[in-house]
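The file protein.cif comes next; it holds mmCIF, C-alpha atoms.
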```cif
data_work
#
loop_
_atom_site.label_atom_id
_atom_site.label_comp_id
_atom_site.auth_asym_id
_atom_site.auth_seq_id
_atom_site.Cartn_x
_atom_site.Cartn_y
_atom_site.Cartn_z
CA MET A 1 55.59 12.26 16.42
CA LYS A 2 54.41 11.57 12.89
CA LYS A 3 52.43 14.80 12.87
CA ALA A 4 55.51 16.79 13.99
CA ILE A 5 57.64 15.33 11.17
CA TYR A 6 54.90 16.08 8.67
CA ILE A 7 54.56 19.71 9.77
CA ALA A 8 58.33 20.30 9.84
CA PHE A 9 58.81 18.76 6.39
CA THR A 10 56.03 20.80 4.88
CA ALA A 11 57.27 24.08 6.38
CA ALA A 12 60.85 23.44 5.26
CA SER A 13 59.82 22.51 1.74
CA LEU A 14 57.63 25.56 1.32
CA ALA A 15 60.28 27.85 2.82
CA SER A 16 63.07 26.56 0.57
CA CYS A 17 60.91 26.75 -2.54
CA GLY A 18 59.52 30.12 -1.64
CA GLY A 19 62.97 31.56 -0.83
CA SER A 20 64.78 30.37 -3.98
CA SER A 21 61.90 31.10 -6.27
CA LYS A 22 61.41 34.58 -4.85
CA ASN A 23 64.84 35.86 -5.98
CA SER A 24 64.64 34.00 -9.22
CA VAL A 25 61.15 35.33 -9.99
CA GLU A 26 62.22 38.90 -9.26
CA SER A 27 65.27 38.66 -11.50
CA VAL A 28 63.24 37.10 -14.30
CA ILE A 29 60.60 39.83 -14.06
CA GLU A 30 63.27 42.56 -14.06
CA SER A 31 64.68 41.12 -17.28
CA ASN A 32 61.37 41.97 -19.04
CA ASN A 33 61.81 38.81 -21.13
CA LEU A 34 58.35 37.33 -21.83
CA GLU A 35 59.68 33.91 -22.80
CA ALA A 36 61.79 33.70 -19.65
CA ILE A 37 58.84 34.70 -17.47
CA ARG A 38 56.62 32.04 -19.06
CA ALA A 39 59.30 29.40 -18.62
CA LYS A 40 59.68 30.33 -14.92
CA HIS A 41 55.89 30.10 -14.47
CA THR A 42 55.92 26.59 -15.93
CA GLU A 43 58.82 25.55 -13.69
CA ILE A 44 57.11 26.74 -10.49
CA SER A 45 53.81 25.08 -11.49
CA GLN A 46 55.58 21.75 -11.88
CA GLN A 47 57.24 22.16 -8.48
CA HIS A 48 53.82 22.92 -6.93
CA LYS A 49 52.30 19.76 -8.39
CA ALA A 50 55.23 17.71 -7.12
CA LEU A 51 54.73 19.09 -3.60
CA GLU A 52 51.03 18.28 -3.70
CA MET A 53 51.79 14.66 -4.61
CA GLU A 54 54.26 14.41 -1.74
CA LEU A 55 51.70 15.86 0.69
CA LYS A 56 49.10 13.31 -0.38
CA THR A 57 51.62 10.51 0.16
CA LEU A 58 52.38 11.79 3.65
CA ASP A 59 48.67 12.11 4.51
CA SER A 60 48.09 8.51 3.48
CA ALA A 61 50.99 7.29 5.63
CA ILE A 62 49.76 9.27 8.63
CA ALA A 63 46.23 7.88 8.25
CA GLN A 64 47.59 4.31 8.28
CA LEU A 65 49.81 4.81 11.32
CA ASP A 66 47.56 7.05 13.47
CA ASP A 67 44.95 4.87 15.23
CA ASN A 68 43.13 7.85 16.73
CA ALA A 69 42.34 9.25 13.29
CA LYS A 70 40.30 6.15 12.41
CA LEU A 71 37.86 6.35 15.31
CA PRO A 72 34.37 7.37 14.18
CA LEU A 73 32.95 10.42 15.93
CA VAL A 74 29.51 9.74 17.46
CA THR A 75 26.96 11.31 19.75
CA THR A 76 24.94 9.45 22.34
CA PHE A 77 21.82 9.92 24.42
CA GLU A 78 20.60 8.21 27.56
CA VAL A 79 17.40 6.20 27.36
CA LYS A 80 14.72 7.34 29.81
CA PRO A 81 11.18 5.97 30.11
CA GLU A 82 8.47 8.45 29.12
CA LYS A 83 4.78 8.53 28.35
CA PHE A 84 3.95 7.48 24.79
CA ASP A 85 0.61 8.22 23.15
CA HIS A 86 -0.04 6.63 19.78
CA TYR A 87 -2.65 8.13 17.49
CA LEU A 88 -4.57 6.60 14.61
CA GLU A 89 -4.82 9.24 11.90
CA LEU A 90 -7.97 9.42 9.75
CA GLN A 91 -9.71 11.94 7.52
CA GLY A 92 -13.29 13.14 7.91
CA ASP A 93 -15.75 15.94 7.24
CA VAL A 94 -17.77 17.93 9.74
CA THR A 95 -21.49 17.27 9.55
CA THR A 96 -24.63 17.95 11.55
CA LYS A 97 -27.95 16.19 11.84
CA GLN A 98 -29.68 19.58 11.98
CA ASN A 99 -28.88 20.92 8.53
CA VAL A 100 -32.10 20.79 6.54
CA LEU A 101 -33.98 22.39 3.68
CA ILE A 102 -37.48 23.60 4.54
CA TYR A 103 -40.20 22.98 1.96
CA PRO A 104 -43.74 24.43 1.87
CA GLU A 105 -46.61 22.12 2.76
CA MET A 106 -49.16 23.80 0.51
CA ALA A 107 -49.22 25.54 -2.85
CA GLY A 108 -49.65 29.30 -3.07
CA THR A 109 -47.95 32.64 -3.20
CA LEU A 110 -45.23 33.31 -0.62
CA TYR A 111 -47.12 36.10 1.07
CA ARG A 112 -44.44 37.26 3.50
CA VAL A 113 -40.90 36.31 4.65
CA TYR A 114 -40.19 37.22 8.27
CA VAL A 115 -36.50 36.29 8.56
CA LYS A 116 -33.22 37.00 6.77
CA GLU A 117 -30.00 35.10 6.18
CA GLY A 118 -27.78 34.70 9.24
CA GLN A 119 -30.65 35.29 11.67
CA LYS A 120 -30.92 33.05 14.74
CA VAL A 121 -34.36 31.53 15.20
CA ALA A 122 -36.05 29.51 17.94
CA LYS A 123 -37.88 26.23 17.49
CA GLY A 124 -41.43 26.87 16.19
CA GLN A 125 -40.72 30.46 15.20
CA VAL A 126 -42.69 31.68 12.15
CA LEU A 127 -40.37 32.05 9.15
CA ALA A 128 -42.84 32.83 6.37
CA SER A 129 -46.52 32.70 5.43
CA ILE A 130 -48.27 31.54 2.24
CA ASP A 131 -51.49 32.94 0.84
CA ASP A 132 -54.06 30.32 1.91
CA GLY A 133 -56.49 31.09 -0.91
CA GLY A 134 -59.49 31.82 1.33
CA LEU A 135 -59.04 28.94 3.77
CA SER A 136 -59.00 31.38 6.69
CA SER A 137 -62.45 32.61 5.77
CA GLN A 138 -63.72 29.05 5.50
CA LEU A 139 -62.23 28.31 8.90
CA ALA A 140 -63.99 31.30 10.47
CA GLN A 141 -67.29 30.18 8.97
CA ALA A 142 -66.76 26.61 10.15
CA LYS A 143 -66.04 27.82 13.68
CA THR A 144 -69.32 29.80 13.67
CA GLN A 145 -71.25 26.73 12.55
CA ALA A 146 -69.44 24.62 15.11
CA GLU A 147 -70.40 27.04 17.86
CA LEU A 148 -74.08 26.88 16.77
CA SER A 149 -74.02 23.08 16.67
CA ARG A 150 -72.46 23.05 20.13
CA THR A 151 -75.24 25.21 21.55
CA THR A 152 -77.90 23.07 19.87
CA PHE A 153 -76.32 19.88 21.18
CA GLU A 154 -76.05 21.18 24.76
CA ARG A 155 -79.72 22.22 24.81
CA GLN A 156 -80.84 18.92 23.28
CA LYS A 157 -78.75 17.09 25.85
CA ARG A 158 -80.42 18.90 28.74
CA LEU A 159 -83.89 18.10 27.31
CA TRP A 160 -82.96 14.45 26.83
CA GLU A 161 -81.75 14.27 30.44
CA GLN A 162 -85.22 15.58 31.46
CA ASN A 163 -86.87 12.91 29.27
CA ILE A 164 -88.08 15.57 26.87
CA GLY A 165 -87.78 14.94 23.17
CA SER A 166 -86.73 11.84 21.30
CA GLU A 167 -83.43 9.99 21.37
CA ILE A 168 -82.98 10.47 17.63
CA GLN A 169 -83.03 14.27 18.06
CA TYR A 170 -80.35 14.01 20.72
CA LEU A 171 -78.15 11.78 18.58
CA GLN A 172 -78.58 13.99 15.51
CA ALA A 173 -77.49 17.08 17.49
CA LYS A 174 -74.48 15.21 18.88
CA THR A 175 -73.43 13.95 15.45
CA THR A 176 -73.77 17.40 13.91
CA TYR A 177 -71.65 18.94 16.66
CA GLU A 178 -68.89 16.30 16.32
CA ALA A 179 -68.86 16.67 12.54
CA GLN A 180 -68.50 20.45 12.83
CA GLN A 181 -65.64 20.01 15.32
CA SER A 182 -63.87 17.64 12.90
CA ALA A 183 -64.35 20.09 10.04
CA VAL A 184 -62.85 22.92 12.12
CA LYS A 185 -59.80 20.80 13.01
CA GLN A 186 -59.30 19.83 9.39
CA LEU A 187 -59.46 23.43 8.22
CA GLU A 188 -57.14 24.51 11.04
CA SER A 189 -54.65 21.92 9.86
CA GLN A 190 -54.92 23.19 6.28
CA VAL A 191 -54.54 26.82 7.35
CA GLY A 192 -51.59 25.87 9.58
CA LYS A 193 -49.75 24.61 6.50
CA SER A 194 -49.76 28.14 5.15
CA THR A 195 -47.34 29.12 7.93
CA ILE A 196 -43.72 27.93 7.66
CA ARG A 197 -42.11 27.43 11.07
CA ALA A 198 -38.58 26.54 12.24
CA PRO A 199 -38.34 22.80 12.99
CA PHE A 200 -35.54 23.44 15.51
CA ALA A 201 -33.46 26.27 16.91
CA GLY A 202 -30.68 27.34 14.58
CA ILE A 203 -29.47 29.87 12.03
CA ILE A 204 -31.14 30.72 8.72
CA ASP A 205 -28.28 29.89 6.37
CA ASP A 206 -30.09 30.68 3.14
CA VAL A 207 -33.37 32.32 2.08
CA ILE A 208 -33.95 30.52 -1.21
CA LYS A 209 -37.35 31.90 -2.30
CA ASP A 210 -38.23 35.58 -2.36
CA GLN A 211 -41.44 37.15 -1.14
CA GLY A 212 -44.13 36.96 -3.84
CA THR A 213 -42.83 33.71 -5.37
CA VAL A 214 -45.37 30.98 -6.10
CA VAL A 215 -44.38 27.83 -4.23
CA SER A 216 -45.70 24.28 -3.96
CA PRO A 217 -44.75 21.08 -2.14
CA GLY A 218 -42.12 18.89 -3.74
CA PRO A 219 -38.53 18.99 -5.04
CA GLY A 220 -37.24 22.33 -6.25
CA SER A 221 -39.53 24.38 -4.00
CA GLU A 222 -37.32 24.66 -0.91
CA VAL A 223 -37.74 28.03 0.81
CA PHE A 224 -35.07 28.07 3.55
CA ARG A 225 -31.98 26.25 4.72
CA ILE A 226 -31.64 26.14 8.49
CA VAL A 227 -28.52 24.93 10.30
CA ASN A 228 -27.80 24.24 13.95
CA LEU A 229 -24.07 24.47 14.73
CA SER A 230 -24.40 23.38 18.35
CA ASN A 231 -24.53 19.64 17.63
CA MET A 232 -21.91 19.02 14.95
CA TYR A 233 -19.80 15.89 14.65
CA ILE A 234 -17.33 14.04 12.44
CA LYS A 235 -18.03 10.51 11.26
CA VAL A 236 -14.94 8.52 10.24
CA GLU A 237 -14.40 5.04 8.85
CA VAL A 238 -12.13 3.01 11.16
CA PRO A 239 -10.43 -0.21 9.92
CA GLU A 240 -11.77 -3.27 11.74
CA SER A 241 -8.25 -4.12 13.02
CA HIS A 242 -8.60 -1.19 15.44
CA LEU A 243 -11.92 -2.40 16.85
CA PRO A 244 -10.53 -3.32 20.33
CA ASN A 245 -8.79 0.06 20.78
CA VAL A 246 -11.25 2.55 19.27
CA THR A 247 -14.08 2.73 21.77
CA PRO A 248 -16.44 5.42 23.13
CA GLY A 249 -14.66 7.81 25.48
CA LYS A 250 -11.26 7.61 23.77
CA ASP A 251 -9.41 10.93 23.48
CA VAL A 252 -9.34 12.49 20.01
CA ARG A 253 -7.43 15.42 18.55
CA VAL A 254 -9.20 17.08 15.63
CA TYR A 255 -7.14 19.37 13.40
CA PHE A 256 -8.74 21.69 10.84
CA PRO A 257 -6.14 22.44 8.11
CA VAL A 258 -8.14 25.35 6.69
CA LEU A 259 -8.42 27.07 10.08
CA GLY A 260 -4.95 26.04 11.26
CA ASP A 261 -6.52 25.16 14.59
CA SER A 262 -7.39 22.04 16.56
CA VAL A 263 -9.71 20.88 19.34
CA VAL A 264 -9.57 18.02 21.85
CA THR A 265 -12.67 15.88 22.19
CA LYS A 266 -13.75 12.25 22.75
CA ILE A 267 -15.45 9.53 20.73
CA ARG A 268 -19.20 9.75 21.32
CA GLN A 269 -20.20 6.41 19.83
CA THR A 270 -18.99 3.67 17.50
CA GLY A 271 -20.94 1.69 14.93
CA ASN A 272 -22.19 -1.83 15.56
CA PHE A 273 -21.78 -2.93 11.96
CA ILE A 274 -18.67 -3.86 9.93
CA ASN A 275 -18.98 -2.67 6.36
CA PRO A 276 -18.14 -5.73 4.20
CA SER A 277 -16.98 -3.60 1.27
CA ASN A 278 -14.09 -1.91 3.09
CA ARG A 279 -13.95 -3.88 6.38
CA SER A 280 -14.46 -0.82 8.56
CA PHE A 281 -16.83 0.55 11.19
CA THR A 282 -17.89 4.12 11.93
CA ALA A 283 -16.93 6.33 14.85
CA GLU A 284 -18.81 9.52 15.70
CA ILE A 285 -16.80 12.37 17.20
CA PRO A 286 -18.56 15.56 18.43
CA VAL A 287 -16.90 18.90 17.71
CA PRO A 288 -17.76 22.37 19.04
CA SER A 289 -18.64 25.27 16.74
CA HIS A 290 -15.47 27.10 17.86
CA ASP A 291 -17.09 30.55 17.80
CA GLY A 292 -18.86 29.72 14.54
CA LYS A 293 -15.64 28.96 12.63
CA VAL A 294 -16.31 25.24 12.34
CA LYS A 295 -18.98 24.62 9.72
CA PRO A 296 -20.61 21.57 8.09
CA ASN A 297 -18.51 19.86 5.38
CA LEU A 298 -15.27 21.36 6.74
CA THR A 299 -12.36 18.93 6.20
CA ALA A 300 -10.68 17.64 9.36
CA LYS A 301 -7.77 15.39 10.32
CA VAL A 302 -8.81 13.08 13.15
CA MET A 303 -6.19 11.57 15.48
CA ILE A 304 -7.63 8.92 17.79
CA ASN A 305 -5.58 7.88 20.83
CA ASP A 306 -5.66 4.10 20.38
CA TYR A 307 -2.63 3.20 22.55
CA THR A 308 -0.84 4.64 25.61
CA ASN A 309 2.29 3.45 27.44
CA GLU A 310 3.19 5.35 30.59
CA ASN A 311 6.79 4.04 30.68
CA ALA A 312 7.80 3.65 27.07
CA ILE A 313 11.33 3.64 25.66
CA LEU A 314 11.45 5.76 22.52
CA ILE A 315 14.29 6.13 20.03
CA PRO A 316 14.56 7.86 16.63
CA GLN A 317 13.60 5.64 13.70
CA SER A 318 16.64 6.90 11.77
CA ILE A 319 19.11 4.95 13.97
CA VAL A 320 17.34 1.59 13.62
CA SER A 321 18.92 -0.81 11.10
CA GLU A 322 17.87 -4.25 9.87
CA ASN A 323 20.02 -7.31 9.15
CA ALA A 324 19.60 -10.06 6.56
CA ASP A 325 17.41 -12.07 8.92
CA GLY A 326 14.94 -9.22 9.26
CA GLU A 327 16.05 -8.41 12.83
CA GLN A 328 16.18 -4.78 13.86
CA TYR A 329 19.17 -3.52 15.79
CA VAL A 330 20.86 -0.40 17.16
CA PHE A 331 24.29 0.41 18.53
CA LEU A 332 24.90 1.49 22.08
CA VAL A 333 28.09 2.30 23.97
CA ASP A 334 29.22 -0.61 26.15
CA ALA A 335 28.75 0.60 29.72
CA ASP A 336 32.00 -1.09 30.88
CA SER A 337 34.05 0.81 28.29
CA ILE A 338 32.76 4.35 28.68
CA SER A 339 35.35 5.47 31.21
CA SER A 340 38.34 4.21 29.17
CA ASP A 341 37.91 3.40 25.48
CA PRO A 342 34.24 3.58 24.39
CA VAL A 343 33.24 0.56 22.31
CA ALA A 344 30.15 0.22 20.10
CA LYS A 345 27.89 -2.68 21.00
CA LYS A 346 25.22 -4.04 18.67
CA VAL A 347 21.91 -5.06 20.25
CA VAL A 348 18.89 -6.62 18.58
CA ILE A 349 15.62 -4.92 19.56
CA GLU A 350 11.91 -5.56 19.25
CA THR A 351 9.93 -2.52 18.19
CA GLY A 352 6.31 -1.59 18.76
CA LYS A 353 4.27 1.31 17.47
CA THR A 354 5.67 4.37 15.75
CA GLN A 355 4.59 7.99 16.03
CA GLY A 356 6.21 10.68 13.94
CA ASP A 357 10.01 10.22 13.95
CA TYR A 358 10.08 7.92 16.98
CA VAL A 359 9.54 4.21 17.51
CA GLU A 360 8.68 2.35 20.70
CA VAL A 361 11.21 -0.29 21.83
CA LEU A 362 9.64 -3.28 23.56
CA SER A 363 12.81 -5.23 24.35
CA GLY A 364 16.58 -5.12 23.89
CA ILE A 365 17.18 -1.71 25.49
CA ASN A 366 16.95 -0.77 29.15
CA SER A 367 16.58 2.52 30.94
CA GLY A 368 19.95 4.26 31.32
CA ASP A 369 21.58 2.72 28.24
CA GLY A 370 23.66 5.06 26.09
CA ILE A 371 22.41 4.82 22.51
CA ILE A 372 24.57 5.99 19.60
CA ASP A 373 22.67 8.61 17.66
CA GLU A 374 24.79 10.54 15.14
CA GLY A 375 27.23 8.17 13.48
CA ALA A 376 25.15 5.07 14.16
CA ARG A 377 25.30 4.05 10.49
CA SER A 378 29.12 4.17 10.33
CA VAL A 379 30.11 2.04 13.36
CA LYS A 380 30.62 -1.71 13.67
CA GLU A 381 30.27 -4.24 16.45
CA GLY A 382 33.15 -3.94 18.96
CA GLN A 383 34.63 -0.85 17.27
CA LYS A 384 36.18 1.89 19.37
CA VAL A 385 34.47 5.25 19.00
CA LYS A 386 34.94 8.87 19.97
CA ILE A 387 32.04 10.34 21.88
CA LYS A 388 31.44 14.00 21.04
CA ASN A 389 29.09 14.55 23.98
CA ASN A 390 28.73 13.20 27.50
CA ILE A 391 26.01 10.63 28.07
#
```
Full structure transcribed into C-alpha cells:
Amino acid sequence: MKKAIYIAFTAASLASCGGSSKNSVESVIESNNLEAIRAKHTEISQQHKALEMELKTLDSAIAQLDDNAKLPLVTTFEVKPEKFDHYLELQGDVTTKQNVLIYPEMAGTLYRVYVKEGQKVAKGQVLASIDDGGLSSQLAQAKTQAELSRTTFERQKRLWEQNIGSEIQYLQAKTTYEAQQSAVKQLESQVGKSTIRAPFAGIIDDVIKDQGTVVSPGPGSEVFRIVNLSNMYIKVEVPESHLPNVTPGKDVRVYFPVLGDSVVTKIRQTGNFINPSNRSFTAEIPVPSHDGKVKPNLTAKVMINDYTNENAILIPQSIVSENADGEQYVFLVDADSISSDPVAKKVVIETGKTQGDYVEVLSGINSGDGIIDEGARSVKEGQKVKIKNNI
C-alpha cells in the first residue's frame, strides 16, 4: 500500500510540474528575453530540488514501515562430508649424489679427450688419457723381466723338488720373481692413472680442460663434470613439530615454478637427527628427471601430505568470525524456520587444519546444515533473512 501511494504521488507531482512548466517554458523561450529565460531556469531548478527532498523523506518513511525491506539477502550451502588432504608446504632444491668433478690422478699433458659435452657414458668408460712420460715403456720392460724371473723360478723349483741344487738358490729365485711381480703391479697402477675413466654412468656436463693442456692432481685441475640424472632428490628441512606425521612413504607433490609442472612422489627417508639450531629434521624426496627437464639445483615447492580426513566438513575461512572470548562462530539457517521465515542461527565451532581458502570444522556443524555464505557478516542471531538460493 505504501509503495502504491509513493508511486502515485511521484507520478502526479512530476506530471503537474512537467505540464505547467512546459507551457511556461515555451512562452518564455518565444519571448527571446534572456533575463526571463534565466529566471525561469532558476525557478525550475528550485522546484527540482524541492521534489528531491520530498522523495528522500518518502523513501525514509517507507524503509521504516516496510519490514521486508530490512531483511538481509543471503546465500546458503549445504554441508557435506568430503575427503580433506592437508599439505605441509616447504621449499627445496633438486640435488643428486652423482654430480662430481673428475680430477687427474697424475701430472702430465692431456694427451687425448675421447668425449664431448652432453655425451652419455657408461661406468668405467675411458674419458681421456694423459701422457705417462715413459711409464708404459718401463712397464713393458718390467713385464719382460718378470717373465724371465718366472721362468727361472719355475726351473729352480723343479730342481729343488728333485733335491738338486741348494735351498738358497730356490729362495733367491722365488724372491726375485715375487719382487718383479710387485714391480709390474706398481707400474700398472701408475700407468692406469694416466687414463681418466667415468666413475659411474651419466652425462658429461662439462669438458673443463682442452686436449694438450698440462694437468696435475689437486684443486683447480678438474677435467670433467659428470652428472647422473636418474637418481635425483630433494632434501628439505621439516620442523620438529611435524615429526609424527612426516614419515617415509608419505605422498608428496613437487611443483617446479620454473617449469610450471609438478610430479607426485613419496618420501624416501627421514633424518634421525634434530638440528638444534633450527629444531628441524631432514626429509629426502626422490624426483624423476622428467625427460631431462629437472636438473640439479632447480628450485621446487614441496607439499607433503601430513594429514588426511576421509569425512571432513569444510567451510570457507571468509565466513568464520571470532567473538571477544576468542570463540569462532558461523551463522546457519535454523532448520525449523526454512519453510516459513528463515532465521539466522549463530553456532560456535571448533576448527582444525586449513588448506587454501577452506578450514576443517571439528565440531559445531553437522552434515546437512545450511550455512550462510554471502551475507554472513551482516546478519545477527535470530534475525530473519531472505535466502537468494535454495539449500
Just checking: using only C-alpha atoms, which residue out of A:Leu171, A:Leu71, A:Met232, A:Leu34 ends up closest to Pro288 in chain A?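 Among A:Leu171, A:Leu71, A:Met232, A:Leu34, it is A:Met232 that comes nearest to Pro288 in chain A.
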Emit as JSON the padded axis-aligned box for all listed atoms of range 71-77 of chain A, 6 Å per side, with centre and edge lengths in Å to one decimal.
```
{"center_x": 29.8, "center_y": 8.8, "center_z": 19.3, "size_x": 28.0, "size_y": 17.0, "size_z": 22.2}
```
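Checking A:Phe77, A:Lys301, A:Arg225, A:Ile203 one by one against Val258 in chain A, counting all atoms listed in the file, you find the shortest gap at A:Lys301.
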Return as a VMD selection string the set of residues that the PyMOL selection byres ((chain A and resi 191) around 10) yields on the displayed structure. chain A and resid 106 130 to 139 185 to 190 192 to 195
Selection to disk with C-alpha atoms, as a PDB file, in the coordinates of the input:
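The result, stored in part29.pdb:
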```
ATOM      1  CA  MET A 106     -49.160  23.800   0.510  1.00  0.00           C
ATOM      2  CA  ILE A 130     -48.270  31.540   2.240  1.00  0.00           C
ATOM      3  CA  ASP A 131     -51.490  32.940   0.840  1.00  0.00           C
ATOM      4  CA  ASP A 132     -54.060  30.320   1.910  1.00  0.00           C
ATOM      5  CA  GLY A 133     -56.490  31.090  -0.910  1.00  0.00           C
ATOM      6  CA  GLY A 134     -59.490  31.820   1.330  1.00  0.00           C
ATOM      7  CA  LEU A 135     -59.040  28.940   3.770  1.00  0.00           C
ATOM      8  CA  SER A 136     -59.000  31.380   6.690  1.00  0.00           C
ATOM      9  CA  SER A 137     -62.450  32.610   5.770  1.00  0.00           C
ATOM     10  CA  GLN A 138     -63.720  29.050   5.500  1.00  0.00           C
ATOM     11  CA  LEU A 139     -62.230  28.310   8.900  1.00  0.00           C
ATOM     12  CA  LYS A 185     -59.800  20.800  13.010  1.00  0.00           C
ATOM     13  CA  GLN A 186     -59.300  19.830   9.390  1.00  0.00           C
ATOM     14  CA  LEU A 187     -59.460  23.430   8.220  1.00  0.00           C
ATOM     15  CA  GLU A 188     -57.140  24.510  11.040  1.00  0.00           C
ATOM     16  CA  SER A 189     -54.650  21.920   9.860  1.00  0.00           C
ATOM     17  CA  GLN A 190     -54.920  23.190   6.280  1.00  0.00           C
ATOM     18  CA  GLY A 192     -51.590  25.870   9.580  1.00  0.00           C
ATOM     19  CA  LYS A 193     -49.750  24.610   6.500  1.00  0.00           C
ATOM     20  CA  SER A 194     -49.760  28.140   5.150  1.00  0.00           C
ATOM     21  CA  THR A 195     -47.340  29.120   7.930  1.00  0.00           C
TER      22      THR A 195
END
```
Select, from A:Glu35, A:Glu381, A:Glu154, A:Glu89, the residue with the minimum atom-to-atom distance to Pro342 in chain A, counting only C-alpha atoms.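 Checking each of A:Glu35, A:Glu381, A:Glu154, A:Glu89 against Pro342 in chain A, counting only C-alpha atoms, the winner is A:Glu381.
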All residues 7 Å or closer to Val330 in chain A, only C-alpha atoms, same chain fewer than 2 positions away omitted, as a PyMOL selection string: chain A and resi 319-321+332+346-348
Give as a PyMOL selection string the set of residues within 10 Å of the point (-45.0, 26.0, -4.5), where distances use the file's coordinates and all atoms listed in the file. chain A and resi 103-110+130+209+213-223
Give me the result of the PyMOL selection byres ((chain A and resi 231) around 12) on this file, residue by residue, as a ChimeraX atom specification. /A:94-99,200-202,227-230,232-234,268,284-290,292,294-296
How far is it from CA of Ile226 in chain A to CA of Val100 in chain A, in Å with one decimal?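 The value is 5.7 Å.
One distance worth recording is that between CA of Lys123 in chain A and CA of Leu298 in chain A, which is 25.5 Å.
With all atoms listed in the file as the basis for measurement, A:Ala179 is the residue among A:Ala179, A:Ala50, A:Leu88, A:Val264 that approaches Ala142 in chain A most closely.
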Near Gly260 in chain A, within 12 Å and counting only C-alpha atoms, which residues show up once chain neighbours fewer than 5 positions away are dropped, as a ChimeraX atom specification? /A:254-255,293-294,299-301
Tell me, as an NGL selection string, which residues lie within 9 Å of Tyr358 in chain A, counting all atoms listed in the file; anything in the same chain fewer than 6 positions away does not count. :A and (314-318)
Excluding Ile313 in chain A and any residue of its chain fewer than 6 positions from it, enumerate the residues within 9 Å of it, using only C-alpha atoms, and give them as a ChimeraX atom specification. /A:79-84,359-362,365-367
Å distance separating CA of Tyr111 in chain A from CA of Thr144 in chain A, one decimal place: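 Separating CA of Tyr111 in chain A from CA of Thr144 in chain A is a distance of 26.3 Å.
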Can you complete the atoms of range 41-58 of chain A to N, CA and C atoms and list them as a PDB file, in the frame of the given file?
```pdb
ATOM      1  N   HIS A  41      57.248  30.439 -14.939  1.00  0.00           N
ATOM      2  CA  HIS A  41      55.890  30.100 -14.470  1.00  0.00           C
ATOM      3  C   HIS A  41      55.650  28.591 -14.596  1.00  0.00           C
ATOM      4  N   THR A  42      56.086  28.035 -15.714  1.00  0.00           N
ATOM      5  CA  THR A  42      55.920  26.590 -15.930  1.00  0.00           C
ATOM      6  C   THR A  42      56.731  25.796 -14.919  1.00  0.00           C
ATOM      7  N   GLU A  43      57.952  26.248 -14.643  1.00  0.00           N
ATOM      8  CA  GLU A  43      58.820  25.550 -13.690  1.00  0.00           C
ATOM      9  C   GLU A  43      58.206  25.510 -12.289  1.00  0.00           C
ATOM     10  N   ILE A  44      57.693  26.683 -11.839  1.00  0.00           N
ATOM     11  CA  ILE A  44      57.110  26.740 -10.490  1.00  0.00           C
ATOM     12  C   ILE A  44      55.837  25.909 -10.408  1.00  0.00           C
ATOM     13  N   SER A  45      55.042  25.886 -11.474  1.00  0.00           N
ATOM     14  CA  SER A  45      53.810  25.080 -11.490  1.00  0.00           C
ATOM     15  C   SER A  45      54.137  23.608 -11.330  1.00  0.00           C
ATOM     16  N   GLN A  46      55.185  23.145 -12.001  1.00  0.00           N
ATOM     17  CA  GLN A  46      55.580  21.750 -11.880  1.00  0.00           C
ATOM     18  C   GLN A  46      56.058  21.422 -10.471  1.00  0.00           C
ATOM     19  N   GLN A  47      56.798  22.363  -9.867  1.00  0.00           N
ATOM     20  CA  GLN A  47      57.240  22.160  -8.480  1.00  0.00           C
ATOM     21  C   GLN A  47      56.040  22.080  -7.522  1.00  0.00           C
ATOM     22  N   HIS A  48      55.035  22.918  -7.782  1.00  0.00           N
ATOM     23  CA  HIS A  48      53.820  22.920  -6.930  1.00  0.00           C
ATOM     24  C   HIS A  48      53.074  21.593  -7.023  1.00  0.00           C
ATOM     25  N   LYS A  49      52.968  21.053  -8.221  1.00  0.00           N
ATOM     26  CA  LYS A  49      52.300  19.760  -8.390  1.00  0.00           C
ATOM     27  C   LYS A  49      53.071  18.653  -7.701  1.00  0.00           C
ATOM     28  N   ALA A  50      54.410  18.733  -7.775  1.00  0.00           N
ATOM     29  CA  ALA A  50      55.230  17.710  -7.120  1.00  0.00           C
ATOM     30  C   ALA A  50      55.042  17.752  -5.607  1.00  0.00           C
ATOM     31  N   LEU A  51      54.965  18.952  -5.046  1.00  0.00           N
ATOM     32  CA  LEU A  51      54.730  19.090  -3.600  1.00  0.00           C
ATOM     33  C   LEU A  51      53.369  18.548  -3.190  1.00  0.00           C
ATOM     34  N   GLU A  52      52.372  18.790  -4.012  1.00  0.00           N
ATOM     35  CA  GLU A  52      51.030  18.280  -3.700  1.00  0.00           C
ATOM     36  C   GLU A  52      51.025  16.757  -3.663  1.00  0.00           C
ATOM     37  N   MET A  53      51.707  16.114  -4.594  1.00  0.00           N
ATOM     38  CA  MET A  53      51.790  14.660  -4.610  1.00  0.00           C
ATOM     39  C   MET A  53      52.487  14.134  -3.362  1.00  0.00           C
ATOM     40  N   GLU A  54      53.558  14.817  -2.944  1.00  0.00           N
ATOM     41  CA  GLU A  54      54.260  14.410  -1.740  1.00  0.00           C
ATOM     42  C   GLU A  54      53.391  14.567  -0.497  1.00  0.00           C
ATOM     43  N   LEU A  55      52.608  15.649  -0.452  1.00  0.00           N
ATOM     44  CA  LEU A  55      51.700  15.860   0.690  1.00  0.00           C
ATOM     45  C   LEU A  55      50.632  14.765   0.766  1.00  0.00           C
ATOM     46  N   LYS A  56      50.108  14.379  -0.373  1.00  0.00           N
ATOM     47  CA  LYS A  56      49.100  13.310  -0.380  1.00  0.00           C
ATOM     48  C   LYS A  56      49.705  12.005   0.101  1.00  0.00           C
ATOM     49  N   THR A  57      50.948  11.730  -0.292  1.00  0.00           N
ATOM     50  CA  THR A  57      51.620  10.510   0.160  1.00  0.00           C
ATOM     51  C   THR A  57      51.812  10.522   1.667  1.00  0.00           C
ATOM     52  N   LEU A  58      52.196  11.669   2.199  1.00  0.00           N
ATOM     53  CA  LEU A  58      52.380  11.790   3.650  1.00  0.00           C
ATOM     54  C   LEU A  58      51.060  11.642   4.399  1.00  0.00           C
TER      55      LEU A  58
END
```
